[in-house]
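Below is one structure; the comments refer to it alone.
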Amino acid sequence: MKQLRIALVEVVSDLTHVYSRTYLPRVGIATLGAILKNLGYPCDVWIKPISDDERKKLIEYDIVGVGSLSSTIEDAYALSDYLRENGTTVIMGGPHVTFMPNEALDHCDYVVIGEGEDVLPALIKIIEKKELPNGLKGVAYKNADGSFQHGGKAEPVNYASLPSPDFLLSPQVSKDTIPPIIVTSRGCPHDCSFCSVTALFGRKYRFKSYEQVIAELRPVQHKSVCFGDDNFCANPVRAKELLREMIKQGAVPLRWSGQMCVNAASDKELLELMQETRCRIVYVGVESVNPETLK
Ligand code: B12
Ligand code: SF4
């Protein structure tokens, strides 16, 4: 069987916005790339804005996986339309299409709902055999008559067993420019009504091992690292153990930032460990206590 040519593209806005000065791609595409590579599907990964020439070259791939946020969905649909017009099979994934699969299927062949690590390889195997993913959990698609098929939600992945994101699969990244973003956990035990995290990744708070986090830290330790967890300190015991392990193993970065609940502020031991490991920015969401203000 001919080896499929696969590319994974995270659509990134090239407009100026509040995060333009940071180099922090989402880690999903690079993680999926690592998984496909391990399964014998070598693929190219694109995590920065692509040039017109690179865009044209994407039609040479058999399958392109397109990831995006709601904020980049229009560009993602435009790219997917262009690829499909040129005969490339397009699979979309990520938060926006997870919640809007019907809309997305006007622009792509398949939508992966939620976590992609188990579902994407299963879907690719089916496409390779020229079959339909009938009943495959975590996939939505349209039949020839336009009717909508949705296999239901897939089981949560075994997070601790996943490989680390492989940013070097991207021709846009070298050993010196590995993005300093590390995600050490998935999901959140809280279930705030306004937040999409639990709908996307579930309430079960799953962790990478300390060894894996430290291995990911090593190549970017000299940089300002962002822990991309939704809620770095939702389990303070684990957060403290990780920070202690970083100190013990000499894996303290130049400085670090992370998102967390405000109750981290009431744990003195945690604050001291954050200080010692050079935490310099915390992102804390504050909702209004007054519904009138929200309006
Ligand atoms: C770290 C982070 C940031 C960092 C940097 C990373 C970034 N560029 O997003 C910063 C702080 C800069 C940031 C900024 C913003 N963020 Co943010 N961020 C995150 C966070 C916490 C982690 C991202 C991550 O790496 N996750 C882990 C990886 C594994 O998940 P993933 O990339 O989504 O991939 C998985 C699946 O989605 C799926 N998948 C994804 N892509 C694809 C593609 C294919 C083909 C397939 C098959 C599957 C697939 O499979 C992957 C593996 O399971 C997420 C929440 C979250 N937990 O994901 C929010 C999140 C992505 N951010 C969000 C938002 C809204 C923003 C901002 C727009 C905020 C703002 N108003 O300015 C900006 C946008 C910045 C930008 N232009 O990129 C929302 C997106 C919601 C939406 N509907 O799109 C999220 C989901 C948080 C939330 N619940 O609201 N963010
Ligand atoms: S604590 Fe944060 S990540 Fe967790 S559900 Fe609430 S807003 Fe979402």
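Residues in the structure tokens are named by chain (A, B, ... in the order shown) and by number from 1 within that chain; ligands are numbered from 1 in the order shown.
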message = I'd like the neighbourhood of Lys175 of chain A as number ranges by chain, where a residue qualifies if any of its atoms comes within 10 Å (using only C-alpha atoms), though same-chain residues fewer than 6 positions away should be ignored.
response = A: 167-168, 219-220
Using N, CA and C atoms, can you write the selected residues to a file as a JSON list (two decimals), in the first residue's frame?
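The result, written out as selection.json:
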[["chain", "number", "residue", "atom", "x", "y", "z"],
["A", 167, "PHE", "N", 7.84, 18.95, 18.49],
["A", 167, "PHE", "CA", 7.81, 20.17, 17.67],
["A", 167, "PHE", "C", 8.80, 20.10, 16.52],
["A", 168, "LEU", "N", 9.79, 19.19, 16.64],
["A", 168, "LEU", "CA", 10.80, 19.10, 15.57],
["A", 168, "LEU", "C", 10.23, 18.45, 14.31],
["A", 219, "PRO", "N", 15.09, 20.90, 27.28],
["A", 219, "PRO", "CA", 15.54, 21.68, 26.12],
["A", 219, "PRO", "C", 15.12, 23.16, 26.14],
["A", 220, "VAL", "N", 14.21, 23.52, 27.05],
["A", 220, "VAL", "CA", 13.74, 24.92, 27.07],
["A", 220, "VAL", "C", 13.98, 25.58, 28.44]]
* Collect all residues with atoms no farther than 9 Å from ligand 2, counting only C-alpha atoms and all ligand atoms, and output them as number ranges by chain. => A: 187-198, 203, 229-231, 234, 259-261, 284-285
Just the selected residues (C-alpha atoms), exported as a PDB file, in the first residue's frame, please.
ATOM      1  CA  GLY A 187      -8.917  18.301  32.432  1.00  0.00           C
ATOM      2  CA  CYS A 188     -10.016  20.125  35.528  1.00  0.00           C
ATOM      3  CA  PRO A 189     -11.810  18.781  38.637  1.00  0.00           C
ATOM      4  CA  HIS A 190     -13.959  21.929  38.834  1.00  0.00           C
ATOM      5  CA  ASP A 191     -16.815  22.467  36.434  1.00  0.00           C
ATOM      6  CA  CYS A 192     -17.349  26.206  36.084  1.00  0.00           C
ATOM      7  CA  SER A 193     -20.460  26.769  34.004  1.00  0.00           C
ATOM      8  CA  PHE A 194     -18.804  29.267  31.639  1.00  0.00           C
ATOM      9  CA  CYS A 195     -15.743  27.124  30.863  1.00  0.00           C
ATOM     10  CA  SER A 196     -15.309  24.740  27.923  1.00  0.00           C
ATOM     11  CA  VAL A 197     -12.363  22.831  29.418  1.00  0.00           C
ATOM     12  CA  THR A 198     -14.376  20.103  31.109  1.00  0.00           C
ATOM     13  CA  ARG A 203     -13.399  16.568  34.877  1.00  0.00           C
ATOM     14  CA  ASP A 229      -2.244  23.578  32.013  1.00  0.00           C
ATOM     15  CA  ASP A 230      -5.772  24.859  32.433  1.00  0.00           C
ATOM     16  CA  ASN A 231      -5.352  24.909  36.177  1.00  0.00           C
ATOM     17  CA  ALA A 234      -6.028  22.319  40.985  1.00  0.00           C
ATOM     18  CA  GLN A 259      -2.880  29.534  34.828  1.00  0.00           C
ATOM     19  CA  MET A 260      -4.375  28.717  38.217  1.00  0.00           C
ATOM     20  CA  CYS A 261      -7.278  29.250  40.602  1.00  0.00           C
ATOM     21  CA  VAL A 284      -6.038  34.179  37.221  1.00  0.00           C
ATOM     22  CA  GLY A 285      -9.558  34.454  35.814  1.00  0.00           C
TER      23      GLY A 285
END
Query - Nearby residues (only C-alpha atoms) at most 6 Å from segment 37-44 of chain A, same-chain spacing under 2 positions excluded, as number ranges by chain - result: A: 6-7, 34-35, 169-170
Please identify the helix (DSSP H, G or I) residues within segment 37-207 of chain A (assignment by DSSP from backbone atoms) and present them as a PDB file with C-alpha atoms, in the first residue's frame.
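As written to disk, states-v9.pdb reads:
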ATOM      1  CA  LYS A  37       5.116   9.038  13.716  1.00  0.00           C
ATOM      2  CA  ASN A  38       5.324   6.299  16.394  1.00  0.00           C
ATOM      3  CA  ASP A  52       1.388  31.357   0.312  1.00  0.00           C
ATOM      4  CA  ASP A  53       3.949  28.904  -1.117  1.00  0.00           C
ATOM      5  CA  GLU A  54       3.614  26.580   1.891  1.00  0.00           C
ATOM      6  CA  ARG A  55      -0.155  26.752   1.562  1.00  0.00           C
ATOM      7  CA  LYS A  56       0.067  25.710  -2.103  1.00  0.00           C
ATOM      8  CA  LYS A  57       2.368  22.805  -1.187  1.00  0.00           C
ATOM      9  CA  LEU A  58      -0.207  21.452   1.279  1.00  0.00           C
ATOM     10  CA  ILE A  59      -2.315  20.130  -1.622  1.00  0.00           C
ATOM     11  CA  GLU A  60       0.462  17.602  -2.287  1.00  0.00           C
ATOM     12  CA  SER A  70     -12.882  29.839  17.409  1.00  0.00           C
ATOM     13  CA  SER A  71     -10.742  32.947  16.957  1.00  0.00           C
ATOM     14  CA  THR A  72      -9.045  31.425  13.888  1.00  0.00           C
ATOM     15  CA  ILE A  73     -11.912  29.348  12.525  1.00  0.00           C
ATOM     16  CA  GLU A  74     -12.619  31.523   9.473  1.00  0.00           C
ATOM     17  CA  ASP A  75      -9.052  31.126   8.239  1.00  0.00           C
ATOM     18  CA  ALA A  76      -9.225  27.404   9.069  1.00  0.00           C
ATOM     19  CA  TYR A  77     -12.382  26.956   6.984  1.00  0.00           C
ATOM     20  CA  ALA A  78     -10.849  28.925   4.094  1.00  0.00           C
ATOM     21  CA  LEU A  79      -7.771  26.660   4.174  1.00  0.00           C
ATOM     22  CA  SER A  80      -9.902  23.511   4.381  1.00  0.00           C
ATOM     23  CA  ASP A  81     -12.099  24.651   1.456  1.00  0.00           C
ATOM     24  CA  TYR A  82      -8.988  25.311  -0.644  1.00  0.00           C
ATOM     25  CA  LEU A  83      -7.478  21.892   0.170  1.00  0.00           C
ATOM     26  CA  ARG A  84     -10.691  20.017  -0.554  1.00  0.00           C
ATOM     27  CA  GLU A  85     -11.177  21.829  -3.872  1.00  0.00           C
ATOM     28  CA  PRO A  95     -12.134  23.163  20.514  1.00  0.00           C
ATOM     29  CA  HIS A  96     -14.254  25.055  17.977  1.00  0.00           C
ATOM     30  CA  VAL A  97     -15.171  22.140  15.727  1.00  0.00           C
ATOM     31  CA  THR A  98     -15.677  19.866  18.734  1.00  0.00           C
ATOM     32  CA  PHE A  99     -18.637  22.035  19.672  1.00  0.00           C
ATOM     33  CA  PRO A 101     -19.177  19.673  14.058  1.00  0.00           C
ATOM     34  CA  ASN A 102     -22.164  20.250  11.788  1.00  0.00           C
ATOM     35  CA  GLU A 103     -20.911  23.688  10.767  1.00  0.00           C
ATOM     36  CA  ALA A 104     -17.376  22.357  10.230  1.00  0.00           C
ATOM     37  CA  VAL A 119      -9.262   8.770  17.383  1.00  0.00           C
ATOM     38  CA  LEU A 120      -7.038  10.320  14.689  1.00  0.00           C
ATOM     39  CA  PRO A 121      -4.883   7.194  14.084  1.00  0.00           C
ATOM     40  CA  ALA A 122      -8.027   5.012  14.036  1.00  0.00           C
ATOM     41  CA  LEU A 123      -9.638   7.341  11.492  1.00  0.00           C
ATOM     42  CA  ILE A 124      -6.538   7.426   9.297  1.00  0.00           C
ATOM     43  CA  LYS A 125      -6.431   3.625   9.229  1.00  0.00           C
ATOM     44  CA  ILE A 126     -10.058   3.607   8.045  1.00  0.00           C
ATOM     45  CA  ILE A 127      -9.418   6.260   5.365  1.00  0.00           C
ATOM     46  CA  GLU A 128      -6.382   4.247   4.224  1.00  0.00           C
ATOM     47  CA  TYR A 159      -2.947  10.643  29.327  1.00  0.00           C
ATOM     48  CA  ALA A 160       0.077   9.341  31.242  1.00  0.00           C
ATOM     49  CA  SER A 161       0.963   7.035  28.366  1.00  0.00           C
ATOM     50  CA  PHE A 167       7.807  20.173  17.672  1.00  0.00           C
ATOM     51  CA  LEU A 168      10.796  19.101  15.574  1.00  0.00           C
ATOM     52  CA  LEU A 169       8.338  17.466  13.137  1.00  0.00           C
ATOM     53  CA  LYS A 175      16.360  22.587  18.291  1.00  0.00           C
ATOM     54  CA  ASP A 176      16.970  26.209  19.328  1.00  0.00           C
ATOM     55  CA  THR A 177      13.415  27.329  18.687  1.00  0.00           C
ATOM     56  CA  VAL A 197     -12.363  22.831  29.418  1.00  0.00           C
ATOM     57  CA  THR A 198     -14.376  20.103  31.109  1.00  0.00           C
ATOM     58  CA  ALA A 199     -16.643  19.662  28.051  1.00  0.00           C
ATOM     59  CA  LEU A 200     -13.522  19.220  25.920  1.00  0.00           C
ATOM     60  CA  PHE A 201     -11.217  17.259  28.227  1.00  0.00           C
TER      61      PHE A 201
END
task = Determine which residues of segment 22-232 of chain A receive a DSSP assignment of strand (DSSP E), computed from the backbone, and state them as number ranges by chain.
result = A: 43-46, 63-67, 89-93, 110-112, 139-142, 148-150, 181-182, 185-186, 206-207, 224-227
Please write out the residues within 7 Å of ligand 1 as a ChimeraX atom specification, counting only C-alpha atoms and all ligand atoms. /A:8,10,12-13,18-19,22,24-29,31-32,65-71,91-96,112,114-117,120,183,186-187,195-197,228-230
Judged by only C-alpha atoms, the minimum distance to Lys208 of chain A among A:Ala239, A:Leu162, A:Cys226, A:Ala144 is found for A:Leu162
Closest of A:Leu36, A:Leu132, A:Leu271, A:Leu242 to Pro163 of chain A, counting only C-alpha atoms, is A:Leu36
ask   = A:Val157, A:Leu217, A:Leu270, A:Val252: which is nearest Arg238 of chain A, counting only C-alpha atoms?
value =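 With only C-alpha atoms as the atom set, the closest residue is A:Leu270.
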Gln212 of chain A proximity check over A:Ser164, A:Val225, A:Phe148, A:Gly258, using only C-alpha atoms: winner is A:Ser164
Between A:Thr89, A:Ser266, A:Gln221, A:Thr277, which has the minimum distance to Leu243 of chain A (counting only C-alpha atoms)?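 Using only C-alpha atoms, Leu243 of chain A sits closest to A:Thr277.
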query: Within 8 Å of Lys153 of chain A, counting only C-alpha atoms, which residues qualify if same-chain residues fewer than 5 places away don't, as a PyMOL selection string?
result: chain A and resi 113-114+137-138
